[in-house]
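Listing of query14.pdb, PDB, C-alpha atoms
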```pdb
ATOM      1  CA  MET A   1    -134.791 -50.712 -79.570  1.00  0.00           C
ATOM      2  CA  LEU A   2    -132.274 -48.042 -78.543  1.00  0.00           C
ATOM      3  CA  GLU A   3    -132.433 -45.645 -75.627  1.00  0.00           C
ATOM      4  CA  ARG A   4    -132.833 -41.928 -76.346  1.00  0.00           C
ATOM      5  CA  ASP A   5    -129.199 -41.094 -75.459  1.00  0.00           C
ATOM      6  CA  GLU A   6    -128.022 -43.727 -77.959  1.00  0.00           C
ATOM      7  CA  LEU A   7    -130.283 -42.239 -80.650  1.00  0.00           C
ATOM      8  CA  ASP A   8    -128.903 -38.778 -79.834  1.00  0.00           C
ATOM      9  CA  LYS A   9    -125.405 -40.051 -80.631  1.00  0.00           C
ATOM     10  CA  ILE A  10    -126.476 -41.478 -83.995  1.00  0.00           C
ATOM     11  CA  ALA A  11    -128.686 -38.586 -85.151  1.00  0.00           C
ATOM     12  CA  GLU A  12    -127.339 -35.389 -86.672  1.00  0.00           C
ATOM     13  CA  THR A  13    -129.896 -33.412 -84.679  1.00  0.00           C
ATOM     14  CA  LYS A  14    -131.620 -34.000 -81.345  1.00  0.00           C
ATOM     15  CA  SER A  15    -135.052 -33.541 -82.914  1.00  0.00           C
ATOM     16  CA  HIS A  16    -135.330 -37.148 -84.080  1.00  0.00           C
ATOM     17  CA  GLN A  17    -138.488 -37.814 -82.005  1.00  0.00           C
ATOM     18  CA  GLY A  18    -137.232 -41.312 -81.223  1.00  0.00           C
ATOM     19  CA  ILE A  19    -137.067 -42.439 -84.848  1.00  0.00           C
ATOM     20  CA  ILE A  20    -134.050 -42.548 -87.162  1.00  0.00           C
ATOM     21  CA  ALA A  21    -134.024 -43.833 -90.739  1.00  0.00           C
ATOM     22  CA  GLU A  22    -130.952 -44.633 -92.755  1.00  0.00           C
ATOM     23  CA  VAL A  23    -131.189 -43.135 -96.232  1.00  0.00           C
ATOM     24  CA  GLU A  24    -128.872 -42.909 -99.215  1.00  0.00           C
ATOM     25  CA  ASP A  25    -126.821 -39.779 -99.848  1.00  0.00           C
ATOM     26  CA  TYR A  26    -128.411 -37.151-102.069  1.00  0.00           C
ATOM     27  CA  LYS A  27    -127.932 -37.958-105.756  1.00  0.00           C
ATOM     28  CA  TYR A  28    -126.535 -34.934-107.556  1.00  0.00           C
ATOM     29  CA  VAL A  29    -127.024 -34.679-111.322  1.00  0.00           C
ATOM     30  CA  GLU A  30    -124.935 -33.369-114.196  1.00  0.00           C
ATOM     31  CA  VAL A  31    -125.588 -29.902-115.643  1.00  0.00           C
ATOM     32  CA  SER A  32    -126.638 -31.594-118.893  1.00  0.00           C
ATOM     33  CA  ASP A  33    -129.407 -33.412-116.972  1.00  0.00           C
ATOM     34  CA  ILE A  34    -130.900 -30.045-116.018  1.00  0.00           C
ATOM     35  CA  LEU A  35    -130.873 -28.879-119.647  1.00  0.00           C
ATOM     36  CA  ASP A  36    -132.382 -32.184-120.779  1.00  0.00           C
ATOM     37  CA  TYR A  37    -135.140 -31.831-118.172  1.00  0.00           C
ATOM     38  CA  ALA A  38    -136.088 -28.363-119.449  1.00  0.00           C
ATOM     39  CA  LYS A  39    -136.056 -29.674-123.018  1.00  0.00           C
ATOM     40  CA  SER A  40    -138.269 -32.641-122.072  1.00  0.00           C
ATOM     41  CA  LYS A  41    -140.834 -30.165-120.724  1.00  0.00           C
ATOM     42  CA  GLY A  42    -140.641 -28.029-123.874  1.00  0.00           C
ATOM     43  CA  GLU A  43    -139.466 -25.053-121.809  1.00  0.00           C
ATOM     44  CA  GLU A  44    -136.555 -22.657-121.949  1.00  0.00           C
ATOM     45  CA  PRO A  45    -134.187 -23.439-119.066  1.00  0.00           C
ATOM     46  CA  LEU A  46    -134.472 -21.567-115.778  1.00  0.00           C
ATOM     47  CA  ILE A  47    -131.488 -22.437-113.601  1.00  0.00           C
ATOM     48  CA  VAL A  48    -130.388 -20.982-110.270  1.00  0.00           C
ATOM     49  CA  LEU A  49    -126.625 -20.805-109.706  1.00  0.00           C
ATOM     50  CA  LEU A  50    -125.439 -20.412-106.117  1.00  0.00           C
ATOM     51  CA  ASP A  51    -122.089 -18.748-105.506  1.00  0.00           C
ATOM     52  CA  GLU A  52    -121.035 -20.069-102.087  1.00  0.00           C
ATOM     53  CA  ILE A  53    -124.299 -20.089-100.137  1.00  0.00           C
ATOM     54  CA  GLU A  54    -123.112 -21.326 -96.747  1.00  0.00           C
ATOM     55  CA  ASP A  55    -126.239 -21.416 -94.572  1.00  0.00           C
ATOM     56  CA  PRO A  56    -128.107 -24.716 -95.036  1.00  0.00           C
ATOM     57  CA  HIS A  57    -131.398 -23.029 -94.105  1.00  0.00           C
ATOM     58  CA  ASN A  58    -130.924 -20.490 -96.912  1.00  0.00           C
ATOM     59  CA  PHE A  59    -130.011 -23.277 -99.329  1.00  0.00           C
ATOM     60  CA  GLY A  60    -133.105 -25.275 -98.360  1.00  0.00           C
ATOM     61  CA  ALA A  61    -135.364 -22.238 -98.700  1.00  0.00           C
ATOM     62  CA  ILE A  62    -133.900 -21.496-102.150  1.00  0.00           C
ATOM     63  CA  ILE A  63    -134.533 -25.091-103.246  1.00  0.00           C
ATOM     64  CA  ARG A  64    -138.134 -24.855-102.039  1.00  0.00           C
ATOM     65  CA  THR A  65    -138.827 -21.590-103.874  1.00  0.00           C
ATOM     66  CA  ALA A  66    -137.040 -22.732-107.045  1.00  0.00           C
ATOM     67  CA  GLU A  67    -139.157 -25.883-107.115  1.00  0.00           C
ATOM     68  CA  CYS A  68    -142.374 -23.917-106.509  1.00  0.00           C
ATOM     69  CA  VAL A  69    -141.641 -21.477-109.343  1.00  0.00           C
ATOM     70  CA  GLY A  70    -140.777 -24.286-111.766  1.00  0.00           C
ATOM     71  CA  ALA A  71    -137.023 -23.822-112.060  1.00  0.00           C
ATOM     72  CA  HIS A  72    -135.386 -26.741-113.841  1.00  0.00           C
ATOM     73  CA  GLY A  73    -132.373 -27.031-111.582  1.00  0.00           C
ATOM     74  CA  ILE A  74    -129.801 -25.535-109.261  1.00  0.00           C
ATOM     75  CA  ILE A  75    -126.043 -25.464-109.742  1.00  0.00           C
ATOM     76  CA  ILE A  76    -123.711 -25.221-106.757  1.00  0.00           C
ATOM     77  CA  LYS A  77    -119.959 -25.213-106.282  1.00  0.00           C
ATOM     78  CA  ASN A  78    -118.103 -28.234-104.900  1.00  0.00           C
ATOM     79  CA  ARG A  79    -116.485 -26.150-102.190  1.00  0.00           C
ATOM     80  CA  ASN A  80    -117.322 -23.248 -99.863  1.00  0.00           C
ATOM     81  CA  GLN A  81    -120.987 -24.118-100.312  1.00  0.00           C
ATOM     82  CA  SER A  82    -123.574 -25.888 -98.206  1.00  0.00           C
ATOM     83  CA  MET A  83    -124.245 -29.348 -99.633  1.00  0.00           C
ATOM     84  CA  VAL A  84    -127.568 -31.175 -99.460  1.00  0.00           C
ATOM     85  CA  THR A  85    -127.765 -32.318 -95.826  1.00  0.00           C
ATOM     86  CA  SER A  86    -130.617 -33.327 -93.563  1.00  0.00           C
ATOM     87  CA  THR A  87    -130.915 -29.668 -92.514  1.00  0.00           C
ATOM     88  CA  VAL A  88    -131.191 -28.559 -96.151  1.00  0.00           C
ATOM     89  CA  VAL A  89    -133.778 -31.268 -96.884  1.00  0.00           C
ATOM     90  CA  SER A  90    -135.814 -30.190 -93.861  1.00  0.00           C
ATOM     91  CA  ALA A  91    -135.587 -26.484 -94.756  1.00  0.00           C
ATOM     92  CA  SER A  92    -136.687 -27.306 -98.316  1.00  0.00           C
ATOM     93  CA  SER A  93    -139.849 -28.985 -96.955  1.00  0.00           C
ATOM     94  CA  GLY A  94    -139.145 -31.950 -99.215  1.00  0.00           C
ATOM     95  CA  ALA A  95    -138.575 -29.897-102.391  1.00  0.00           C
ATOM     96  CA  SER A  96    -135.030 -31.301-102.587  1.00  0.00           C
ATOM     97  CA  GLU A  97    -136.577 -34.608-103.656  1.00  0.00           C
ATOM     98  CA  TYR A  98    -137.894 -32.941-106.821  1.00  0.00           C
ATOM     99  CA  MET A  99    -135.129 -30.439-107.613  1.00  0.00           C
ATOM    100  CA  LYS A 100    -132.222 -31.360-109.854  1.00  0.00           C
ATOM    101  CA  ILE A 101    -129.007 -30.112-108.235  1.00  0.00           C
ATOM    102  CA  ALA A 102    -125.623 -30.259-109.941  1.00  0.00           C
ATOM    103  CA  ARG A 103    -122.206 -29.629-108.382  1.00  0.00           C
ATOM    104  CA  VAL A 104    -119.406 -28.043-110.384  1.00  0.00           C
ATOM    105  CA  ASN A 105    -115.799 -27.134-109.691  1.00  0.00           C
ATOM    106  CA  ASN A 106    -115.866 -23.777-111.442  1.00  0.00           C
ATOM    107  CA  LEU A 107    -118.994 -21.625-111.691  1.00  0.00           C
ATOM    108  CA  SER A 108    -117.416 -19.192-114.196  1.00  0.00           C
ATOM    109  CA  LYS A 109    -116.506 -22.023-116.568  1.00  0.00           C
ATOM    110  CA  THR A 110    -119.997 -23.501-116.212  1.00  0.00           C
ATOM    111  CA  ILE A 111    -121.536 -20.151-117.143  1.00  0.00           C
ATOM    112  CA  ASP A 112    -119.321 -20.030-120.272  1.00  0.00           C
ATOM    113  CA  GLU A 113    -120.436 -23.546-121.238  1.00  0.00           C
ATOM    114  CA  LEU A 114    -124.116 -22.728-120.704  1.00  0.00           C
ATOM    115  CA  LYS A 115    -123.805 -19.549-122.786  1.00  0.00           C
ATOM    116  CA  LYS A 116    -122.871 -21.812-125.702  1.00  0.00           C
ATOM    117  CA  GLU A 117    -126.295 -23.443-125.157  1.00  0.00           C
ATOM    118  CA  GLY A 118    -127.990 -20.051-125.600  1.00  0.00           C
ATOM    119  CA  MET A 119    -128.452 -19.129-121.957  1.00  0.00           C
ATOM    120  CA  TRP A 120    -128.259 -15.613-120.526  1.00  0.00           C
ATOM    121  CA  PHE A 121    -127.132 -14.879-116.974  1.00  0.00           C
ATOM    122  CA  ALA A 122    -128.516 -12.380-114.502  1.00  0.00           C
ATOM    123  CA  CYS A 123    -126.445 -11.628-111.427  1.00  0.00           C
ATOM    124  CA  ALA A 124    -128.274 -10.470-108.297  1.00  0.00           C
ATOM    125  CA  ASP A 125    -126.507  -7.431-106.858  1.00  0.00           C
ATOM    126  CA  MET A 126    -127.614  -4.158-105.269  1.00  0.00           C
ATOM    127  CA  SER A 127    -125.586  -2.222-107.880  1.00  0.00           C
ATOM    128  CA  GLY A 128    -127.676  -3.587-110.750  1.00  0.00           C
ATOM    129  CA  SER A 129    -130.581  -2.410-112.857  1.00  0.00           C
ATOM    130  CA  ASP A 130    -134.148  -2.638-111.596  1.00  0.00           C
ATOM    131  CA  MET A 131    -135.374  -6.212-112.121  1.00  0.00           C
ATOM    132  CA  THR A 132    -138.761  -4.986-113.352  1.00  0.00           C
ATOM    133  CA  THR A 133    -137.216  -3.040-116.241  1.00  0.00           C
ATOM    134  CA  THR A 134    -134.717  -5.758-117.227  1.00  0.00           C
ATOM    135  CA  ASN A 135    -135.732  -8.370-119.803  1.00  0.00           C
ATOM    136  CA  LEU A 136    -135.570 -11.672-117.904  1.00  0.00           C
ATOM    137  CA  LYS A 137    -137.380 -13.775-120.509  1.00  0.00           C
ATOM    138  CA  GLY A 138    -135.886 -16.723-122.347  1.00  0.00           C
ATOM    139  CA  SER A 139    -133.222 -19.156-121.177  1.00  0.00           C
ATOM    140  CA  ILE A 140    -132.054 -17.620-117.916  1.00  0.00           C
ATOM    141  CA  GLY A 141    -129.533 -18.476-115.242  1.00  0.00           C
ATOM    142  CA  LEU A 142    -130.058 -16.504-112.034  1.00  0.00           C
ATOM    143  CA  VAL A 143    -126.812 -16.134-110.083  1.00  0.00           C
ATOM    144  CA  VAL A 144    -127.039 -15.344-106.369  1.00  0.00           C
ATOM    145  CA  GLY A 145    -124.142 -14.982-103.992  1.00  0.00           C
ATOM    146  CA  ASN A 146    -122.819 -15.588-100.545  1.00  0.00           C
ATOM    147  CA  GLU A 147    -124.726 -14.253 -97.543  1.00  0.00           C
ATOM    148  CA  GLY A 148    -121.958 -11.800 -96.621  1.00  0.00           C
ATOM    149  CA  ASN A 149    -120.013 -11.105 -99.803  1.00  0.00           C
ATOM    150  CA  GLY A 150    -122.551 -11.535-102.581  1.00  0.00           C
ATOM    151  CA  VAL A 151    -121.527 -12.846-105.996  1.00  0.00           C
ATOM    152  CA  SER A 152    -117.762 -13.039-106.497  1.00  0.00           C
ATOM    153  CA  ARG A 153    -116.176 -10.568-108.919  1.00  0.00           C
ATOM    154  CA  LEU A 154    -115.125 -13.228-111.446  1.00  0.00           C
ATOM    155  CA  VAL A 155    -118.572 -14.815-111.576  1.00  0.00           C
ATOM    156  CA  LYS A 156    -120.273 -11.408-111.794  1.00  0.00           C
ATOM    157  CA  GLU A 157    -118.072 -10.488-114.772  1.00  0.00           C
ATOM    158  CA  LYS A 158    -119.313 -13.583-116.625  1.00  0.00           C
ATOM    159  CA  CYS A 159    -122.954 -12.527-116.249  1.00  0.00           C
ATOM    160  CA  ASP A 160    -124.760 -10.702-119.054  1.00  0.00           C
ATOM    161  CA  PHE A 161    -126.507  -8.272-116.736  1.00  0.00           C
ATOM    162  CA  VAL A 162    -126.790  -7.358-113.080  1.00  0.00           C
ATOM    163  CA  VAL A 163    -130.230  -6.915-111.505  1.00  0.00           C
ATOM    164  CA  LYS A 164    -131.490  -5.597-108.213  1.00  0.00           C
ATOM    165  CA  ILE A 165    -134.736  -5.650-106.316  1.00  0.00           C
ATOM    166  CA  PRO A 166    -136.155  -2.139-105.834  1.00  0.00           C
ATOM    167  CA  MET A 167    -135.923  -1.263-102.129  1.00  0.00           C
ATOM    168  CA  LYS A 168    -137.919   1.454-100.354  1.00  0.00           C
ATOM    169  CA  GLY A 169    -137.162   0.825 -96.688  1.00  0.00           C
ATOM    170  CA  HIS A 170    -134.200   1.730 -94.521  1.00  0.00           C
ATOM    171  CA  ILE A 171    -132.557  -1.712 -94.746  1.00  0.00           C
ATOM    172  CA  GLU A 172    -130.296  -2.112 -97.772  1.00  0.00           C
ATOM    173  CA  SER A 173    -130.779  -5.789 -98.565  1.00  0.00           C
ATOM    174  CA  LEU A 174    -132.906  -8.895 -98.174  1.00  0.00           C
ATOM    175  CA  ASN A 175    -131.894 -12.318 -96.926  1.00  0.00           C
ATOM    176  CA  VAL A 176    -130.420 -14.269 -99.871  1.00  0.00           C
ATOM    177  CA  SER A 177    -133.209 -16.847 -99.904  1.00  0.00           C
ATOM    178  CA  VAL A 178    -135.891 -14.126 -99.866  1.00  0.00           C
ATOM    179  CA  ALA A 179    -134.094 -12.146-102.597  1.00  0.00           C
ATOM    180  CA  THR A 180    -133.798 -15.287-104.726  1.00  0.00           C
ATOM    181  CA  GLY A 181    -137.525 -15.901-104.319  1.00  0.00           C
ATOM    182  CA  VAL A 182    -138.440 -12.352-105.337  1.00  0.00           C
ATOM    183  CA  LEU A 183    -136.187 -12.541-108.410  1.00  0.00           C
ATOM    184  CA  LEU A 184    -137.471 -15.979-109.428  1.00  0.00           C
ATOM    185  CA  TYR A 185    -141.066 -14.796-109.254  1.00  0.00           C
ATOM    186  CA  GLU A 186    -140.187 -11.722-111.350  1.00  0.00           C
ATOM    187  CA  ILE A 187    -138.632 -14.031-113.951  1.00  0.00           C
ATOM    188  CA  ASN A 188    -141.755 -16.201-113.819  1.00  0.00           C
ATOM    189  CA  ARG A 189    -144.013 -13.131-114.149  1.00  0.00           C
ATOM    190  CA  GLN A 190    -142.138 -11.941-117.226  1.00  0.00           C
ATOM    191  CA  ARG A 191    -142.188 -15.402-118.789  1.00  0.00           C
ATOM    192  CA  ASN A 192    -145.976 -15.459-118.491  1.00  0.00           C
ATOM    193  CA  ILE A 193    -146.525 -12.109-120.240  1.00  0.00           C
ATOM    194  CA  LYS A 194    -147.760 -12.771-123.750  1.00  0.00           C
TER     195      LYS A 194
END
```
Now that the file is in, can you turn its structure into C-alpha cells?
Amino acid sequence: MLERDELDKIAETKSHQGIIAEVEDYKYVEVSDILDYAKSKGEEPLIVLLDEIEDPHNFGAIIRTAECVGAHGIIIKNRNQSMVTSTVVSASSGASEYMKIARVNNLSKTIDELKKEGMWFACADMSGSDMTTTNLKGSIGLVVGNEGNGVSRLVKEKCDFVVKIPMKGHIESLNVSVATGVLLYEINRQRNIK
C-alpha cells in the first residue's frame, strides 16, 4: 500500500481518493468502423467531426451528448486536438466507453472521402442559415470548430452547408459543447419527423 503523496505522484489528478487503476490506452477506431456501425444498425450515419477542440472538458461533454443522441461516431484530428484522456473520460461520464472515435490526419480529405459514401456535411458557424429551416435529414456529418476560432476556412469550404443556432440574447455564441448538443438534438428531431 502506498502513501497518499506517492499516489499523488502517480495519478494524473489529485482526486484519486486513494485508489489508482492501471488501464489500457483508449482504442481509437477507423472511420470505416463508424460507417459499418451505422450500417449494422440499419441507420443513416450521424457523425460529429471536431476541428481542433482543445478543452478536454468540452470534448468529454460532446462525447456524452453524441452518445445520448445516438450518433454513430466522432472524428478528430491527430494534432491540435484534445485526445481521449482521463479528464475526457470523466467529463463524458463514461460515454467514451460506448462512442466510436476515429483520428485522422486531414479533416478536409476525410470529408471528401465520406462524401463519396453519400454523406452531407453541416458546418456550425454563426454566419450560417437557421438550423431549424435547414434540411438536416439523411447521412449527416456535423462539423464543429475550435473554442476560439471556430471551424477552419478550408474545412468550412468542404461542407455542403453552414448552420447556426438562432440566438435571442445579448451574448453572440454558446460554448462549443452546448452548441454541439443543440445542433445534434435538432438533427435528431428532424430525423424523427415522418
Contacts of Leu183 of chain A within 9 Å, all atoms listed in the file, excl. fewer than 5 positions in-chain, as a PyMOL selection string: chain A and resi 124+131+142+163-165+178+188
Test item: the PyMOL selection byres ((chain A and resi 109-113) around 12) resolved as an NGL selection string: :A and (30-32 or 35 or 47-51 or 75-77 or 102-108 or 114-123 or 140-143 or 154-160)
Skipping near chain neighbours, those fewer than 5 positions away, what residues fall within 7 Å of Gln81 of chain A using all atoms listed in the file, listed as a VMD selection string? chain A and resid 52 to 54
Any chance you could work out the residue set of the PyMOL selection byres ((chain A and resi 127) around 8) here, as an MDAnalysis selection string? chainID A and resid 125:126 128:129 162:164
Give me the residues within 10 Å of Pro56 of chain A as a PyMOL selection string, counting only C-alpha atoms and dropping any in the same chain fewer than 6 places off. chain A and resi 62+81-92
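Minimum atom-to-atom distances from A:Gly60, A:Gly138, A:Gly150, A:Gly145 to Ser96 of chain A were compared using only C-alpha atoms, and the lowest value belongs to A:Gly60.
Shortest atom-to-atom contact with Ala71 of chain A among A:Glu44, A:Glu147, A:Asp55, A:Glu97: A:Glu44, counting only C-alpha atoms.
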Glu43 of chain A proximity check over A:Leu184, A:Pro166, A:Asn80, A:Arg191, using only C-alpha atoms: winner is A:Arg191
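We find atom CA of His57 of chain A and atom CA of Asn175 of chain A to be spaced 11.1 Å apart.
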Arg189 of chain A surroundings by all atoms listed in the file, 12 Å radius, close-in-sequence under 3 positions cut, as JSON, numbers by chain: {"A": [69, 70, 131, 132, 135, 136, 137, 182, 183, 184, 185, 186, 192, 193, 194]}
Taking C-alpha atoms for each residue, export the selection above as a compact mmCIF listing (two decimals), keeping the file's coordinate frame.
```txt
# COMPACT_ATOMS: atom_id res chain seq x y z
CA VAL A 69 -141.64 -21.48 -109.34
CA GLY A 70 -140.78 -24.29 -111.77
CA MET A 131 -135.37 -6.21 -112.12
CA THR A 132 -138.76 -4.99 -113.35
CA ASN A 135 -135.73 -8.37 -119.80
CA LEU A 136 -135.57 -11.67 -117.90
CA LYS A 137 -137.38 -13.78 -120.51
CA VAL A 182 -138.44 -12.35 -105.34
CA LEU A 183 -136.19 -12.54 -108.41
CA LEU A 184 -137.47 -15.98 -109.43
CA TYR A 185 -141.07 -14.80 -109.25
CA GLU A 186 -140.19 -11.72 -111.35
CA ASN A 192 -145.98 -15.46 -118.49
CA ILE A 193 -146.52 -12.11 -120.24
CA LYS A 194 -147.76 -12.77 -123.75
```
Using all atoms listed in the file, find the one residue out of A:Ser139, A:Ile101, A:Val176, A:Thr134 that sits nearest to Val151 of chain A. A:Val176
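In terms of minimum interatomic distance to Lys41 of chain A, A:His72 ranks closest within A:His72, A:Ala95, A:Asn78, A:Ile10, counting all atoms listed in the file.
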Give, as lines of an AutoDock Vina configuration file, the centre coordinates and the x, y and z edge lengths in Å to one decimal for an axis-aligned box around all listed atoms of segment 91-102 of chain A, padded by 4 Å on each side.
```
center_x = -132.7
center_y = -30.5
center_z = -102.3
size_x = 22.2
size_y = 16.1
size_z = 23.2
```
Name all residues at most 7 Å from Lys100 of chain A (count all atoms listed in the file; drop same-chain ones fewer than 6 positions away) and give them as a list of chain:residue names. A:Val29, A:Ile34, A:His72, A:Gly73, A:Ile74
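Rounded to one decimal, atom CA of Gly169 of chain A and atom CA of Asp130 of chain A lie 15.6 Å from each other.
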Which value, in Å to one decimal, gives the distance between atom CA of Asn146 of chain A and atom CA of Ala61 of chain A? 14.3 Å
Starting from the sparse input, extend segment 92-121 of chain A to N, CA and C atoms and give the output as a PDB file, in the coordinates of the input.
```pdb
ATOM      1  N   SER A  92    -136.048 -27.335 -96.995  1.00  0.00           N
ATOM      2  CA  SER A  92    -136.687 -27.306 -98.316  1.00  0.00           C
ATOM      3  C   SER A  92    -138.106 -27.862 -98.275  1.00  0.00           C
ATOM      4  N   SER A  93    -138.521 -28.366 -97.122  1.00  0.00           N
ATOM      5  CA  SER A  93    -139.849 -28.985 -96.955  1.00  0.00           C
ATOM      6  C   SER A  93    -140.084 -30.092 -97.976  1.00  0.00           C
ATOM      7  N   GLY A  94    -139.033 -30.828 -98.297  1.00  0.00           N
ATOM      8  CA  GLY A  94    -139.145 -31.950 -99.215  1.00  0.00           C
ATOM      9  C   GLY A  94    -138.910 -31.603-100.676  1.00  0.00           C
ATOM     10  N   ALA A  95    -138.770 -30.310-100.994  1.00  0.00           N
ATOM     11  CA  ALA A  95    -138.575 -29.897-102.391  1.00  0.00           C
ATOM     12  C   ALA A  95    -137.276 -30.444-102.964  1.00  0.00           C
ATOM     13  N   SER A  96    -136.311 -30.761-102.103  1.00  0.00           N
ATOM     14  CA  SER A  96    -135.030 -31.301-102.587  1.00  0.00           C
ATOM     15  C   SER A  96    -135.215 -32.644-103.279  1.00  0.00           C
ATOM     16  N   GLU A  97    -136.298 -33.326-102.997  1.00  0.00           N
ATOM     17  CA  GLU A  97    -136.577 -34.608-103.656  1.00  0.00           C
ATOM     18  C   GLU A  97    -136.979 -34.414-105.113  1.00  0.00           C
ATOM     19  N   TYR A  98    -137.423 -33.217-105.464  1.00  0.00           N
ATOM     20  CA  TYR A  98    -137.894 -32.941-106.821  1.00  0.00           C
ATOM     21  C   TYR A  98    -136.942 -32.060-107.626  1.00  0.00           C
ATOM     22  N   MET A  99    -136.011 -31.396-106.938  1.00  0.00           N
ATOM     23  CA  MET A  99    -135.129 -30.439-107.613  1.00  0.00           C
ATOM     24  C   MET A  99    -133.848 -31.111-108.077  1.00  0.00           C
ATOM     25  N   LYS A 100    -133.492 -30.859-109.318  1.00  0.00           N
ATOM     26  CA  LYS A 100    -132.222 -31.360-109.854  1.00  0.00           C
ATOM     27  C   LYS A 100    -131.119 -30.392-109.422  1.00  0.00           C
ATOM     28  N   ILE A 101    -130.107 -30.931-108.731  1.00  0.00           N
ATOM     29  CA  ILE A 101    -129.007 -30.112-108.235  1.00  0.00           C
ATOM     30  C   ILE A 101    -127.698 -30.697-108.748  1.00  0.00           C
ATOM     31  N   ALA A 102    -126.926 -29.847-109.404  1.00  0.00           N
ATOM     32  CA  ALA A 102    -125.623 -30.259-109.941  1.00  0.00           C
ATOM     33  C   ALA A 102    -124.517 -29.536-109.181  1.00  0.00           C
ATOM     34  N   ARG A 103    -123.394 -30.227-108.998  1.00  0.00           N
ATOM     35  CA  ARG A 103    -122.206 -29.629-108.382  1.00  0.00           C
ATOM     36  C   ARG A 103    -121.137 -29.470-109.452  1.00  0.00           C
ATOM     37  N   VAL A 104    -120.472 -28.308-109.422  1.00  0.00           N
ATOM     38  CA  VAL A 104    -119.406 -28.043-110.384  1.00  0.00           C
ATOM     39  C   VAL A 104    -118.179 -27.512-109.651  1.00  0.00           C
ATOM     40  N   ASN A 105    -117.028 -27.659-110.278  1.00  0.00           N
ATOM     41  CA  ASN A 105    -115.799 -27.134-109.691  1.00  0.00           C
ATOM     42  C   ASN A 105    -115.645 -25.641-109.915  1.00  0.00           C
ATOM     43  N   ASN A 106    -116.116 -25.153-111.068  1.00  0.00           N
ATOM     44  CA  ASN A 106    -115.866 -23.777-111.442  1.00  0.00           C
ATOM     45  C   ASN A 106    -117.145 -23.156-112.012  1.00  0.00           C
ATOM     46  N   LEU A 107    -117.744 -22.247-111.266  1.00  0.00           N
ATOM     47  CA  LEU A 107    -118.994 -21.625-111.691  1.00  0.00           C
ATOM     48  C   LEU A 107    -118.804 -20.761-112.940  1.00  0.00           C
ATOM     49  N   SER A 108    -117.679 -20.044-113.030  1.00  0.00           N
ATOM     50  CA  SER A 108    -117.416 -19.192-114.196  1.00  0.00           C
ATOM     51  C   SER A 108    -117.338 -20.019-115.475  1.00  0.00           C
ATOM     52  N   LYS A 109    -116.641 -21.142-115.407  1.00  0.00           N
ATOM     53  CA  LYS A 109    -116.506 -22.023-116.568  1.00  0.00           C
ATOM     54  C   LYS A 109    -117.868 -22.609-116.956  1.00  0.00           C
ATOM     55  N   THR A 110    -118.662 -22.957-115.955  1.00  0.00           N
ATOM     56  CA  THR A 110    -119.997 -23.501-116.212  1.00  0.00           C
ATOM     57  C   THR A 110    -120.870 -22.477-116.909  1.00  0.00           C
ATOM     58  N   ILE A 111    -120.781 -21.212-116.480  1.00  0.00           N
ATOM     59  CA  ILE A 111    -121.536 -20.151-117.143  1.00  0.00           C
ATOM     60  C   ILE A 111    -121.114 -20.049-118.608  1.00  0.00           C
ATOM     61  N   ASP A 112    -119.816 -20.081-118.881  1.00  0.00           N
ATOM     62  CA  ASP A 112    -119.321 -20.030-120.272  1.00  0.00           C
ATOM     63  C   ASP A 112    -119.894 -21.176-121.096  1.00  0.00           C
ATOM     64  N   GLU A 113    -119.913 -22.375-120.519  1.00  0.00           N
ATOM     65  CA  GLU A 113    -120.436 -23.546-121.238  1.00  0.00           C
ATOM     66  C   GLU A 113    -121.934 -23.408-121.509  1.00  0.00           C
ATOM     67  N   LEU A 114    -122.670 -22.881-120.534  1.00  0.00           N
ATOM     68  CA  LEU A 114    -124.116 -22.728-120.704  1.00  0.00           C
ATOM     69  C   LEU A 114    -124.454 -21.597-121.677  1.00  0.00           C
ATOM     70  N   LYS A 115    -123.593 -20.612-121.791  1.00  0.00           N
ATOM     71  CA  LYS A 115    -123.805 -19.549-122.786  1.00  0.00           C
ATOM     72  C   LYS A 115    -123.769 -20.135-124.195  1.00  0.00           C
ATOM     73  N   LYS A 116    -122.942 -21.150-124.401  1.00  0.00           N
ATOM     74  CA  LYS A 116    -122.871 -21.812-125.702  1.00  0.00           C
ATOM     75  C   LYS A 116    -124.189 -22.526-126.028  1.00  0.00           C
ATOM     76  N   GLU A 117    -124.984 -22.810-124.992  1.00  0.00           N
ATOM     77  CA  GLU A 117    -126.295 -23.443-125.157  1.00  0.00           C
ATOM     78  C   GLU A 117    -127.404 -22.399-125.323  1.00  0.00           C
ATOM     79  N   GLY A 118    -127.018 -21.118-125.386  1.00  0.00           N
ATOM     80  CA  GLY A 118    -127.990 -20.051-125.600  1.00  0.00           C
ATOM     81  C   GLY A 118    -128.557 -19.428-124.333  1.00  0.00           C
ATOM     82  N   MET A 119    -127.940 -19.695-123.199  1.00  0.00           N
ATOM     83  CA  MET A 119    -128.452 -19.129-121.957  1.00  0.00           C
ATOM     84  C   MET A 119    -127.878 -17.739-121.697  1.00  0.00           C
ATOM     85  N   TRP A 120    -128.662 -16.934-120.992  1.00  0.00           N
ATOM     86  CA  TRP A 120    -128.259 -15.613-120.526  1.00  0.00           C
ATOM     87  C   TRP A 120    -128.172 -15.677-119.007  1.00  0.00           C
ATOM     88  N   PHE A 121    -127.333 -14.826-118.425  1.00  0.00           N
ATOM     89  CA  PHE A 121    -127.132 -14.879-116.974  1.00  0.00           C
ATOM     90  C   PHE A 121    -127.361 -13.528-116.321  1.00  0.00           C
TER      91      PHE A 121
END
```
